[in-house]
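Chemist: start-v4.tsv is the file, holding TSV, C-alpha atoms and all ligand atoms:
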```
chain	number	residue	atom	x	y	z
A	1	MET	CA	-17.76	19.85	30.23
A	2	SER	CA	-16.17	16.44	30.73
A	3	ILE	CA	-14.84	13.51	28.75
A	4	LEU	CA	-16.24	10.11	29.76
A	5	VAL	CA	-13.58	7.39	29.75
A	6	ALA	CA	-15.30	4.00	29.81
A	7	GLY	CA	-12.74	1.52	31.10
A	8	GLY	CA	-10.60	4.23	32.71
A	9	ALA	CA	-9.30	1.86	35.42
A	10	GLY	CA	-7.68	-0.46	32.88
A	11	TYR	CA	-4.18	-0.40	31.49
A	12	ILE	CA	-4.70	1.84	28.46
A	13	GLY	CA	-7.70	3.69	29.91
A	14	SER	CA	-5.80	4.77	33.04
A	15	HIS	CA	-2.99	6.22	30.91
A	16	MET	CA	-5.62	8.01	28.81
A	17	VAL	CA	-7.18	9.54	31.93
A	18	LYS	CA	-3.78	10.73	33.15
A	19	ASP	CA	-3.00	12.27	29.75
A	20	LEU	CA	-6.40	14.04	29.55
A	21	ILE	CA	-6.02	15.46	33.05
A	22	GLU	CA	-2.49	16.66	32.31
A	23	ASN	CA	-3.98	18.39	29.26
A	24	GLY	CA	-6.47	20.27	31.45
A	25	GLU	CA	-9.62	18.21	30.74
A	26	ASP	CA	-12.28	17.23	33.28
A	27	VAL	CA	-12.62	13.46	33.23
A	28	VAL	CA	-15.35	11.07	34.34
A	29	VAL	CA	-14.39	7.37	34.56
A	30	ALA	CA	-16.88	4.50	34.22
A	31	ASP	CA	-15.48	1.08	35.04
A	32	ASN	CA	-16.85	-2.15	36.50
A	33	LEU	CA	-13.38	-3.03	37.90
A	34	SER	CA	-13.65	-6.51	36.34
A	35	THR	CA	-10.11	-6.24	35.03
A	36	GLY	CA	-9.17	-2.68	36.03
A	37	HIS	CA	-7.80	-1.38	39.32
A	38	ARG	CA	-9.31	1.27	41.56
A	39	ASP	CA	-5.79	2.53	42.32
A	40	ALA	CA	-5.09	3.04	38.61
A	41	ILE	CA	-7.79	5.72	38.41
A	42	ASN	CA	-6.36	9.21	38.55
A	43	PRO	CA	-7.53	10.89	41.79
A	44	LYS	CA	-8.54	14.01	39.80
A	45	ALA	CA	-11.09	11.99	37.78
A	46	LYS	CA	-14.68	11.46	38.99
A	47	PHE	CA	-15.34	7.72	39.24
A	48	TYR	CA	-18.59	5.82	38.65
A	49	GLU	CA	-18.35	2.11	39.37
A	50	GLY	CA	-20.62	0.07	37.10
A	51	ASP	CA	-21.09	-1.78	33.85
A	52	ILE	CA	-21.65	-0.14	30.47
A	53	ARG	CA	-24.14	-2.89	29.61
A	54	ASP	CA	-26.31	-1.44	32.38
A	55	ARG	CA	-28.47	1.23	30.78
A	56	GLN	CA	-29.52	2.78	34.11
A	57	PHE	CA	-25.86	3.14	35.10
A	58	LEU	CA	-25.09	5.00	31.86
A	59	ASP	CA	-28.20	7.18	32.17
A	60	LYS	CA	-27.10	8.20	35.67
A	61	ILE	CA	-23.73	9.36	34.35
A	62	PHE	CA	-25.15	11.17	31.32
A	63	ASP	CA	-27.86	12.81	33.47
A	64	ASN	CA	-25.43	13.94	36.19
A	65	GLU	CA	-22.41	14.96	34.13
A	66	ASP	CA	-21.93	17.33	31.19
A	67	ILE	CA	-20.29	14.78	28.88
A	68	THR	CA	-19.16	16.07	25.48
A	69	ALA	CA	-17.37	12.95	24.19
A	70	VAL	CA	-16.88	9.32	25.13
A	71	VAL	CA	-13.62	7.39	24.90
A	72	HIS	CA	-14.42	3.69	25.00
A	73	PHE	CA	-11.92	1.16	26.42
A	74	ALA	CA	-14.36	-0.99	28.40
A	75	ALA	CA	-13.80	-4.28	26.58
A	76	PHE	CA	-12.08	-7.62	26.93
A	77	SER	CA	-8.92	-7.91	24.83
A	78	ILE	CA	-7.20	-11.26	25.19
A	79	VAL	CA	-7.02	-13.17	21.90
A	80	PRO	CA	-6.51	-16.70	23.33
A	81	GLU	CA	-9.30	-16.23	25.89
A	82	SER	CA	-11.63	-15.13	23.09
A	83	MET	CA	-10.91	-18.40	21.27
A	84	SER	CA	-12.11	-20.45	24.25
A	85	LYS	CA	-14.84	-18.05	25.49
A	86	PRO	CA	-16.16	-16.31	22.35
A	87	LEU	CA	-19.57	-15.40	23.77
A	88	LYS	CA	-17.96	-13.56	26.68
A	89	TYR	CA	-16.43	-11.25	24.05
A	90	PHE	CA	-19.60	-10.75	22.01
A	91	ASP	CA	-21.55	-10.05	25.21
A	92	ASN	CA	-19.24	-7.52	26.84
A	93	ASN	CA	-17.60	-5.95	23.80
A	94	THR	CA	-20.25	-6.00	21.10
A	95	GLY	CA	-23.21	-5.96	23.51
A	96	GLY	CA	-21.68	-3.16	25.57
A	97	MET	CA	-21.42	-0.99	22.49
A	98	ILE	CA	-25.15	-1.36	21.75
A	99	THR	CA	-26.11	-0.02	25.17
A	100	LEU	CA	-23.49	2.73	25.05
A	101	LEU	CA	-24.57	4.00	21.61
A	102	GLU	CA	-28.26	3.87	22.58
A	103	ALA	CA	-27.56	5.89	25.73
A	104	MET	CA	-25.39	8.36	23.79
A	105	HIS	CA	-28.15	8.80	21.21
A	106	ASP	CA	-30.81	9.42	23.85
A	107	HIS	CA	-28.59	11.97	25.61
A	108	ASP	CA	-27.51	13.66	22.37
A	109	ILE	CA	-23.80	12.91	22.81
A	110	LYS	CA	-22.24	13.10	19.38
A	111	TYR	CA	-18.61	11.95	19.66
A	112	ILE	CA	-16.99	8.63	20.46
A	113	VAL	CA	-13.35	7.55	20.21
A	114	PHE	CA	-13.09	3.80	20.22
A	115	SER	CA	-10.23	1.44	20.99
A	116	SER	CA	-10.26	-0.95	18.06
A	117	THR	CA	-7.53	-3.35	17.11
A	118	ALA	CA	-5.21	-4.69	14.45
A	119	ALA	CA	-6.93	-8.02	15.16
A	120	THR	CA	-9.80	-6.78	12.95
A	121	TYR	CA	-7.53	-7.30	9.91
A	122	GLY	CA	-7.06	-11.03	10.51
A	123	VAL	CA	-4.28	-12.45	8.35
A	124	PRO	CA	-3.10	-9.46	6.34
A	125	GLU	CA	-2.51	-9.81	2.61
A	126	HIS	CA	0.46	-7.45	2.67
A	127	MET	CA	2.56	-5.46	5.09
A	128	PRO	CA	2.40	-2.78	6.38
A	129	ILE	CA	-1.35	-2.89	6.91
A	130	LYS	CA	-3.38	0.06	5.62
A	131	GLU	CA	-6.72	1.21	7.02
A	132	THR	CA	-8.36	0.38	3.67
A	133	ASP	CA	-7.17	-3.25	3.74
A	134	PRO	CA	-9.80	-5.97	4.16
A	135	GLN	CA	-10.96	-6.62	7.72
A	136	LYS	CA	-11.37	-10.38	8.11
A	137	PRO	CA	-10.70	-11.28	11.75
A	138	ILE	CA	-9.54	-14.78	12.64
A	139	ASN	CA	-10.49	-14.67	16.31
A	140	PRO	CA	-13.65	-13.70	18.23
A	141	TYR	CA	-11.87	-10.77	19.88
A	142	GLY	CA	-11.12	-9.20	16.48
A	143	LEU	CA	-14.63	-9.92	15.23
A	144	SER	CA	-16.25	-8.44	18.35
A	145	LYS	CA	-14.33	-5.20	17.71
A	146	LEU	CA	-15.07	-5.17	13.97
A	147	MET	CA	-18.78	-5.49	14.78
A	148	MET	CA	-18.41	-2.53	17.15
A	149	GLU	CA	-16.80	-0.47	14.37
A	150	GLU	CA	-19.63	-1.36	12.01
A	151	MET	CA	-22.28	-0.54	14.61
A	152	MET	CA	-20.74	2.90	15.06
A	153	ALA	CA	-20.86	3.46	11.29
A	154	TRP	CA	-24.60	2.72	11.25
A	155	ALA	CA	-25.16	4.84	14.37
A	156	ASP	CA	-23.42	7.68	12.54
A	157	LYS	CA	-25.73	7.32	9.51
A	158	ALA	CA	-28.88	7.02	11.62
A	159	TYR	CA	-28.17	9.33	14.56
A	160	GLY	CA	-25.18	11.47	13.56
A	161	ILE	CA	-22.91	10.05	16.27
A	162	LYS	CA	-19.40	10.68	14.89
A	163	PHE	CA	-16.67	8.20	15.72
A	164	VAL	CA	-12.97	7.63	15.43
A	165	ALA	CA	-11.89	3.98	15.56
A	166	LEU	CA	-8.24	3.68	16.58
A	167	ARG	CA	-6.86	0.31	15.55
A	168	TYR	CA	-4.12	-0.47	18.02
A	169	PHE	CA	-1.22	-2.68	17.22
A	170	ASN	CA	0.77	-3.93	20.26
A	171	VAL	CA	0.60	-1.51	23.15
A	172	ALA	CA	3.34	-1.58	25.78
A	173	GLY	CA	5.19	0.65	28.24
A	174	ALA	CA	4.01	2.70	31.19
A	175	ALA	CA	3.73	6.33	32.30
A	176	PRO	CA	7.34	7.58	32.40
A	177	ASP	CA	6.88	8.95	35.95
A	178	GLY	CA	6.33	5.36	37.13
A	179	THR	CA	2.95	6.09	38.79
A	180	ILE	CA	0.79	3.74	36.70
A	181	GLY	CA	1.52	0.73	34.51
A	182	GLU	CA	0.35	-2.60	33.19
A	183	ASP	CA	-1.11	-5.08	35.69
A	184	HIS	CA	-3.30	-7.84	34.32
A	185	GLY	CA	-4.36	-10.89	36.30
A	186	PRO	CA	-3.54	-13.32	34.81
A	187	GLU	CA	-0.94	-11.64	32.60
A	188	THR	CA	-0.90	-12.83	28.97
A	189	HIS	CA	0.99	-10.07	27.12
A	190	LEU	CA	4.54	-10.50	25.92
A	191	VAL	CA	6.31	-7.46	27.42
A	192	PRO	CA	4.99	-7.77	31.00
A	193	ILE	CA	5.58	-11.53	30.93
A	194	ILE	CA	9.19	-11.05	29.82
A	195	LEU	CA	9.66	-8.50	32.61
A	196	GLN	CA	8.11	-10.86	35.17
A	197	VAL	CA	10.78	-13.39	34.19
A	198	ALA	CA	13.42	-10.65	34.61
A	199	GLN	CA	12.02	-10.00	38.11
A	200	GLY	CA	12.17	-13.69	39.01
A	201	LYS	CA	8.37	-13.95	39.30
A	202	ARG	CA	8.37	-16.55	36.49
A	203	ASP	CA	11.05	-19.10	35.69
A	204	GLU	CA	11.20	-18.57	31.94
A	205	LEU	CA	9.47	-17.13	28.91
A	206	SER	CA	7.65	-19.52	26.57
A	207	ILE	CA	7.92	-18.23	23.01
A	208	PHE	CA	4.76	-19.39	21.25
A	209	GLY	CA	5.91	-20.80	17.90
A	210	ASP	CA	9.15	-20.50	15.94
A	211	ASP	CA	7.93	-21.83	12.60
A	212	TYR	CA	6.01	-18.76	11.42
A	213	ASN	CA	6.65	-17.22	8.03
A	214	THR	CA	8.92	-14.48	9.45
A	215	PRO	CA	12.72	-13.91	9.33
A	216	ASP	CA	13.45	-15.70	12.63
A	217	GLY	CA	10.30	-17.85	12.71
A	218	THR	CA	8.69	-16.04	15.66
A	219	ASN	CA	5.71	-13.69	15.32
A	220	VAL	CA	6.40	-10.11	14.33
A	221	ARG	CA	4.41	-7.35	16.04
A	222	ASP	CA	4.42	-3.55	15.99
A	223	TYR	CA	4.87	-2.00	19.46
A	224	VAL	CA	3.50	1.42	20.36
A	225	HIS	CA	3.95	3.23	23.67
A	226	VAL	CA	0.82	3.59	25.78
A	227	MET	CA	1.34	7.37	26.27
A	228	ASP	CA	1.73	7.88	22.51
A	229	LEU	CA	-1.48	5.94	22.11
A	230	ALA	CA	-3.21	8.19	24.66
A	231	ASP	CA	-1.98	11.27	22.77
A	232	ALA	CA	-3.64	9.93	19.60
A	233	HIS	CA	-6.98	9.74	21.43
A	234	ILE	CA	-6.71	13.37	22.51
A	235	LEU	CA	-6.05	14.32	18.87
A	236	ALA	CA	-9.01	12.17	17.79
A	237	ILE	CA	-11.37	14.00	20.19
A	238	LYS	CA	-10.13	17.32	18.78
A	239	TYR	CA	-10.60	16.02	15.22
A	240	LEU	CA	-14.22	15.10	15.93
A	241	LYS	CA	-15.00	18.33	17.77
A	242	GLU	CA	-13.66	20.27	14.77
A	243	GLY	CA	-16.51	18.76	12.75
A	244	ASN	CA	-14.59	16.15	10.77
A	245	LYS	CA	-16.15	12.96	9.43
A	246	SER	CA	-16.04	9.58	11.16
A	247	ASN	CA	-12.80	7.79	10.45
A	248	ALA	CA	-10.48	4.91	11.35
A	249	PHE	CA	-6.74	5.11	11.99
A	250	ASN	CA	-4.01	2.57	12.64
A	251	LEU	CA	-1.82	3.28	15.66
A	252	GLY	CA	1.55	1.60	15.40
A	253	SER	CA	5.17	2.51	14.94
A	254	SER	CA	5.40	1.02	11.40
A	255	THR	CA	8.32	-1.13	12.58
A	256	GLY	CA	8.02	-4.81	13.32
A	257	PHE	CA	9.85	-6.67	16.09
A	258	SER	CA	9.87	-10.43	16.44
A	259	ASN	CA	9.25	-12.13	19.76
A	260	LYS	CA	12.92	-13.13	19.84
A	261	GLN	CA	13.98	-9.52	19.16
A	262	MET	CA	11.74	-8.30	21.99
A	263	LEU	CA	13.35	-10.80	24.33
A	264	GLU	CA	16.84	-9.59	23.34
A	265	ALA	CA	15.82	-5.95	23.80
A	266	ALA	CA	14.45	-6.73	27.28
A	267	ARG	CA	17.68	-8.51	28.21
A	268	GLU	CA	19.60	-5.36	27.21
A	269	VAL	CA	17.26	-2.99	29.11
A	270	THR	CA	17.08	-5.02	32.32
A	271	GLY	CA	20.57	-6.53	32.34
A	272	GLU	CA	18.90	-9.82	33.38
A	273	PRO	CA	19.46	-13.12	31.55
A	274	ILE	CA	15.67	-13.84	31.10
A	275	PRO	CA	15.63	-17.57	30.31
A	276	ALA	CA	13.35	-18.59	27.42
A	277	LYS	CA	12.18	-21.74	25.68
A	278	MET	CA	10.31	-22.49	22.50
A	279	ALA	CA	6.68	-23.59	22.95
A	280	PRO	CA	3.83	-24.57	20.60
A	281	ARG	CA	1.96	-21.94	18.62
A	282	ARG	CA	-0.84	-20.08	20.39
A	283	PRO	CA	-4.18	-20.34	18.52
A	284	GLY	CA	-5.28	-17.19	16.69
A	285	ASP	CA	-1.86	-15.58	16.10
A	286	PRO	CA	-1.19	-14.21	12.57
A	287	ASP	CA	2.50	-14.36	11.39
A	288	SER	CA	3.09	-10.60	11.34
A	289	LEU	CA	1.15	-7.45	12.16
A	290	VAL	CA	2.81	-4.16	11.24
A	291	ALA	CA	0.89	-0.90	10.77
A	292	ALA	CA	1.02	1.73	8.11
A	293	SER	CA	0.48	4.68	10.45
A	294	ASP	CA	0.94	7.63	8.10
A	295	LYS	CA	-2.82	8.30	8.04
A	296	ALA	CA	-2.86	9.10	11.78
A	297	ARG	CA	0.29	11.18	11.38
A	298	ASN	CA	-1.07	13.13	8.38
A	299	ILE	CA	-4.71	13.64	9.36
A	300	LEU	CA	-4.62	13.67	13.18
A	301	GLY	CA	-1.13	15.19	13.38
A	302	TRP	CA	-0.01	12.29	15.56
A	303	SER	CA	3.70	12.16	16.25
A	304	PRO	CA	4.69	9.33	18.58
A	305	LYS	CA	7.56	10.18	20.94
A	306	TYR	CA	8.79	6.62	21.43
A	307	ASP	CA	10.26	5.02	18.31
A	308	ASP	CA	12.62	2.55	19.97
A	309	VAL	CA	11.34	-0.60	21.68
A	310	HIS	CA	14.18	-0.32	24.22
A	311	ASP	CA	12.67	2.97	25.46
A	312	ILE	CA	9.20	1.43	25.55
A	313	ILE	CA	10.47	-1.55	27.53
A	314	ALA	CA	12.45	0.77	29.85
A	315	THR	CA	9.28	2.61	30.96
A	316	ALA	CA	7.51	-0.73	31.53
A	317	TRP	CA	10.55	-1.94	33.51
A	318	LYS	CA	10.41	1.17	35.70
A	319	TRP	CA	6.83	0.30	36.67
A	320	HIS	CA	7.45	-3.44	37.09
A	321	SER	CA	10.64	-3.07	39.08
A	322	THR	CA	9.07	-0.57	41.48
A	323	HIS	CA	5.71	-2.41	41.72
A	324	PRO	CA	6.59	-6.11	41.76
A	325	LYS	CA	3.05	-6.94	42.90
A	326	GLY	CA	1.40	-4.48	40.51
A	327	TYR	CA	-1.26	-2.28	42.13
A	328	ASP	CA	-1.15	-4.40	45.28
A	329	ASP	CA	2.15	-2.64	46.03
A	330	ARG	CA	0.66	0.81	46.20
A	331	ASP	CA	0.07	2.59	49.49
B	1	LIG	N1	3.81	-14.36	23.26
B	1	LIG	C1	4.74	-15.35	23.60
B	1	LIG	N2	4.81	-15.76	24.90
B	1	LIG	C2	4.01	-15.24	25.87
B	1	LIG	C3	3.08	-14.22	25.53
B	1	LIG	C4	3.00	-13.81	24.21
B	1	LIG	O1	5.47	-15.85	22.75
B	1	LIG	O2	4.12	-15.69	27.03
B	1	LIG	C5	3.73	-13.92	21.87
B	1	LIG	C6	2.36	-14.10	21.21
B	1	LIG	O3	2.20	-15.42	20.70
B	1	LIG	C7	2.45	-13.05	20.10
B	1	LIG	C8	3.26	-11.92	20.76
B	1	LIG	O4	3.95	-12.53	21.85
B	1	LIG	O5	3.20	-13.55	19.02
B	1	LIG	C9	2.41	-10.79	21.29
B	1	LIG	O6	1.37	-11.36	22.07
B	1	LIG	P1	0.52	-10.50	23.09
B	1	LIG	O7	-0.40	-11.44	23.82
B	1	LIG	O8	1.43	-9.64	23.90
B	1	LIG	O9	-0.33	-9.49	22.19
B	1	LIG	P2	-1.36	-9.75	20.97
B	1	LIG	O10	-0.50	-9.75	19.73
B	1	LIG	O11	-2.07	-11.04	21.22
B	1	LIG	O12	-2.26	-8.56	21.03
```
Reformat the file's structure so that it appears as structure tokens.
Ligand code: UDP

Modeler:
Amino acid sequence: MSILVAGGAGYIGSHMVKDLIENGEDVVVADNLSTGHRDAINPKAKFYEGDIRDRQFLDKIFDNEDITAVVHFAAFSIVPESMSKPLKYFDNNTGGMITLLEAMHDHDIKYIVFSSTAATYGVPEHMPIKETDPQKPINPYGLSKLMMEEMMAWADKAYGIKFVALRYFNVAGAAPDGTIGEDHGPETHLVPIILQVAQGKRDELSIFGDDYNTPDGTNVRDYVHVMDLADAHILAIKYLKEGNKSNAFNLGSSTGFSNKQMLEAAREVTGEPIPAKMAPRRPGDPDSLVAASDKARNILGWSPKYDDVHDIIATAWKWHSTHPKGYDDRD
């Protein structure tokens, strides 16, 4: 019996695979390596290279392997890119989910844990954001993921495929043993970009907007450690296998940090000056996104181990400082 991790070569997926294997599970990875890295895949996982939009590829996996649940990370996730290339997001994200759910239905696979996003909430009406708050995305990325959530709800009603949608806030950090980490090309996320400046790979950080409706004018986000996130997926699989109903949970720390605060924290962790300048707003960014995460704590029993952004940044720094070229540095 195995868990299929779609997108297991990516940043979050690779940490999920590591966590599952350390918890004694057999893992099958499906990944087209479009943004993931072969070297990020845990050597104890069985790897199928291919695209989840390819029905024959999925059938091969489901025919060959005894898959009991799917964890789905195989999606594009960059907000600004989705603003300029919306159809790329509807094709891969939303379209990929159609093929995956059809294949799961035909092979009688009943459980899926899905990486959804705080971007499905759009501009929140109040903070912290609750799972029951309106989902009105303001960018194609968020909409592509909301459509995937809604498709799963209909697939549950029609075919009995049970799902957990985990709505991530801002994921950061790396495996504490330093073996895997975040390596996007090109990099767009705040924490790795700040650390690339600390490493001297970039001259300075551009902070996108300082006239937002927040205490210091820069966006406020809620950072959660990637291994805590992976733990929540393991709890979600258990929740589904225990026969519970389909559900959605926010995954965040319930504490907001502004972009300026993140920069300061990174300066403290790295001891580097990290030059920064103010730059224009980036399209598609809401002022603040902070999660109410008590539902995941109460129902899934989730208890994140990292509650200080300094500790989150420190694990990311361990990876970045030992792998200055990302996965290209590995043996
Ligand atoms: N950000 C920034 N400079 C950068 C990259 C990101 O100021 O070079 C800001 C971005 O505008 C947002 C926050 O950092 O306010 C987090 O952005 P990120 O892309 O990491 O995650 P997202 O919130 O889009 O999922």

Chemist: Taking only residues of chain A that have an atom at most 6 Å from an atom of ligand LIG 1 (chain B), what is each one's shortest atom pair and its distance in Å to one decimal, using only C-alpha atoms and all ligand atoms, in chain and number order, as CSV?

Modeler:
```
residue,atom,partner,partner_atom,distance
A:Val79,CA,B:LIG1,O11,5.4
A:Asn170,CA,B:LIG1,O12,5.6
A:Thr188,CA,B:LIG1,O7,5.4
A:His189,CA,B:LIG1,O8,3.3
A:Leu190,CA,B:LIG1,O8,3.8
A:Ile193,CA,B:LIG1,O2,5.9
A:Leu205,CA,B:LIG1,O2,5.9
A:Ser206,CA,B:LIG1,N2,5.0
A:Ile207,CA,B:LIG1,O1,3.4
A:Phe208,CA,B:LIG1,O1,3.9
A:Asn219,CA,B:LIG1,O5,4.5
A:Asn259,CA,B:LIG1,O4,5.7
A:Arg282,CA,B:LIG1,O3,5.6
```

Chemist: Please report as JSON lines every residue of region 193-273 of chain A lying within 8 Å of region 111-120 of chain A, along with the nearest atom pair and their distance in Å (one decimal), using only C-alpha atoms.

Modeler:
```
{"residue": "A:His233", "atom": "CA", "partner": "A:Val113", "partner_atom": "CA", "distance": 6.8}
{"residue": "A:Ala236", "atom": "CA", "partner": "A:Val113", "partner_atom": "CA", "distance": 6.8}
{"residue": "A:Ile237", "atom": "CA", "partner": "A:Val113", "partner_atom": "CA", "distance": 6.7}
{"residue": "A:Leu240", "atom": "CA", "partner": "A:Tyr111", "partner_atom": "CA", "distance": 6.6}
{"residue": "A:Lys241", "atom": "CA", "partner": "A:Tyr111", "partner_atom": "CA", "distance": 7.6}
{"residue": "A:Asn250", "atom": "CA", "partner": "A:Ala118", "partner_atom": "CA", "distance": 7.6}
```

Chemist: Give the answer as one residue: which of A:Glu242, A:Asp231, A:Glu131, A:Asp31 has the shortest atom-to-atom distance to Lys18 (chain A), using all atoms listed in the file?

Modeler: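 With all atoms listed in the file as the atom set, the closest residue is A:Asp231.
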
Chemist: List as a list in words the residues having at least one atom at most 8 Å from position (-5.8, -8.1, 9.5) as given in the file, counting all atoms listed in the file.

Modeler: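 With a cut-off of 8 Å, the residues come to Ala118, Ala119, Thr120, Tyr121, Gly122, Val123, Pro124, Glu125, Ile129, Asp133, Pro134, Gln135, Lys136, Pro137 and Leu289 of chain A.
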
Chemist: Counting all atoms listed in the file, which residue out of A:Val269, A:Tyr48, A:Ala316, A:Gly24 sits closest to Asp183 (chain A)?

Modeler: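 Once distances to Asp183 (chain A) are computed over all atoms listed in the file, the minimum belongs to A:Ala316.
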
Chemist: Each residue of region 10-32 of chain A with at least one atom at most 12 Å from region 174-179 of chain A should appear once, together with its nearest atom pair and the corresponding distance in Å (one decimal); atoms considered: all atoms listed in the file; ordering: chain, then increasing residue number; output as CSV.

Modeler:
```
residue,atom,partner,partner_atom,distance
A:Tyr11,CA,A:Ala174,CA,8.8
A:Ile12,CA,A:Ala174,CA,9.2
A:Gly13,CA,A:Ala174,CA,11.8
A:Ser14,CA,A:Ala175,CA,9.7
A:His15,CA,A:Ala175,CA,6.9
A:Met16,CA,A:Ala175,CA,10.1
A:Val17,CA,A:Ala175,CA,11.4
A:Lys18,CA,A:Ala175,CA,8.7
A:Asp19,CA,A:Ala175,CA,9.3
```

Chemist: Just the residues within 9 Å of Gly252 (chain A), please, counting all atoms listed in the file, with nothing from its chain fewer than 2 positions along; format it as a list of chain:residue names.

Modeler: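 What passes the distance filter is A:Arg167, A:Tyr168, A:Phe169, A:Asn170, A:Val171, A:Asp222, A:Tyr223, A:Val224, A:His225, A:Leu229, A:Asn250, A:Ser254, A:Thr255, A:Val290, A:Ala291, A:Ala292, A:Ser293, A:Pro304.
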
Chemist: Which one of A:Asp287, A:Glu268, A:Asp51, A:Asp39 sits closest to Ala6 (chain A) if you count all atoms listed in the file?

Modeler: A:Asp51
